[in-house]
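Since the structure comes first, as structure tokens, the remarks are kept for the end.
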Amino acid sequence: MLNQSNLSSEERIRRAVRAVKLERTPAYTEILRRIPPENKMANANSLFIMARDALYFQEIRRGHSPEEAMKIAAQRLLSLHDR
């Protein structure tokens, strides 16, 4: 996955997914399929919160006030879907 700077975000994601699928064993795939949807949702929610907090603290380190950092972090999270 070298030299990806000229690839679109979508293509980089597709390549990463393909790489993960190549490394995943059938047994692991079966285990993932058996995870209840409510557990998957809880995991997704916790990852979202971790991402939000990481962006918030990144903005704090850049010198923004807590209020500004919260606003910028929220904008960055929402804009990730626009790319």
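Residue names in the structure tokens use chain letters A, B, ... in the order shown, residue numbers from 1 in each chain, and ligand numbers from 1 in the order shown.
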Exercise. Would you return as a VMD selection string the members of segment 5-81 of chain A that DSSP assigns to alpha helix (DSSP H) on this structure's backbone?
Key: chain A and resid 9 to 23 26 to 34 37 to 61 66 to 79
Could you take the residues named above and write them with C-alpha atoms, as a short mmCIF file (atom, residue, chain, number, x, y, z; two decimals), in the first residue's frame?
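New file selection_10.cif:
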```
data_model
loop_
_atom_site.label_atom_id
_atom_site.label_comp_id
_atom_site.auth_asym_id
_atom_site.auth_seq_id
_atom_site.Cartn_x
_atom_site.Cartn_y
_atom_site.Cartn_z
CA SER A 9 -10.06 8.29 -0.54
CA GLU A 10 -12.49 5.73 -1.91
CA GLU A 11 -9.76 3.76 -3.67
CA ARG A 12 -7.52 3.81 -0.59
CA ILE A 13 -10.41 2.39 1.47
CA ARG A 14 -11.09 -0.28 -1.14
CA ARG A 15 -7.44 -1.35 -1.13
CA ALA A 16 -7.38 -1.48 2.66
CA VAL A 17 -10.53 -3.63 2.71
CA ARG A 18 -9.03 -6.00 0.14
CA ALA A 19 -5.85 -6.31 2.18
CA VAL A 20 -7.79 -7.11 5.35
CA LYS A 21 -9.92 -9.69 3.57
CA LEU A 22 -6.79 -11.46 2.33
CA GLU A 23 -5.46 -11.74 5.90
CA PRO A 26 -12.65 -18.24 7.21
CA ALA A 27 -12.98 -19.12 10.92
CA TYR A 28 -12.51 -15.48 11.91
CA THR A 29 -15.06 -14.40 9.31
CA GLU A 30 -17.56 -16.86 10.77
CA ILE A 31 -16.97 -15.50 14.27
CA LEU A 32 -17.61 -11.96 13.02
CA ARG A 33 -20.88 -13.07 11.42
CA ARG A 34 -22.07 -14.48 14.75
CA PRO A 37 -26.10 -6.65 15.86
CA GLU A 38 -26.44 -4.86 19.20
CA ASN A 39 -22.79 -5.62 19.99
CA LYS A 40 -21.72 -4.36 16.58
CA MET A 41 -23.68 -1.15 17.18
CA ALA A 42 -22.12 -0.67 20.61
CA ASN A 43 -18.64 -1.16 19.15
CA ALA A 44 -19.34 1.29 16.34
CA ASN A 45 -20.61 3.85 18.82
CA SER A 46 -17.53 3.51 21.02
CA LEU A 47 -15.28 3.94 17.98
CA PHE A 48 -17.17 7.09 17.04
CA ILE A 49 -16.70 8.48 20.54
CA MET A 50 -12.99 7.63 20.45
CA ALA A 51 -12.63 9.42 17.10
CA ARG A 52 -14.52 12.45 18.40
CA ASP A 53 -12.33 12.65 21.50
CA ALA A 54 -9.14 12.23 19.47
CA LEU A 55 -10.12 15.09 17.16
CA TYR A 56 -11.13 17.24 20.13
CA PHE A 57 -7.79 16.78 21.91
CA GLN A 58 -5.94 17.37 18.65
CA GLU A 59 -7.64 20.76 18.37
CA ILE A 60 -6.87 21.53 22.04
CA ARG A 61 -3.19 20.81 21.32
CA PRO A 66 -12.52 23.83 24.57
CA GLU A 67 -15.61 25.32 22.89
CA GLU A 68 -13.77 25.95 19.61
CA ALA A 69 -12.15 22.52 19.75
CA MET A 70 -15.54 20.84 20.22
CA LYS A 71 -17.01 22.72 17.27
CA ILE A 72 -14.05 22.02 14.98
CA ALA A 73 -13.97 18.33 15.98
CA ALA A 74 -17.69 17.98 15.20
CA GLN A 75 -17.24 19.69 11.83
CA ARG A 76 -14.32 17.41 10.99
CA LEU A 77 -16.30 14.29 11.90
CA LEU A 78 -19.24 15.36 9.78
CA SER A 79 -17.07 16.41 6.85
#
```
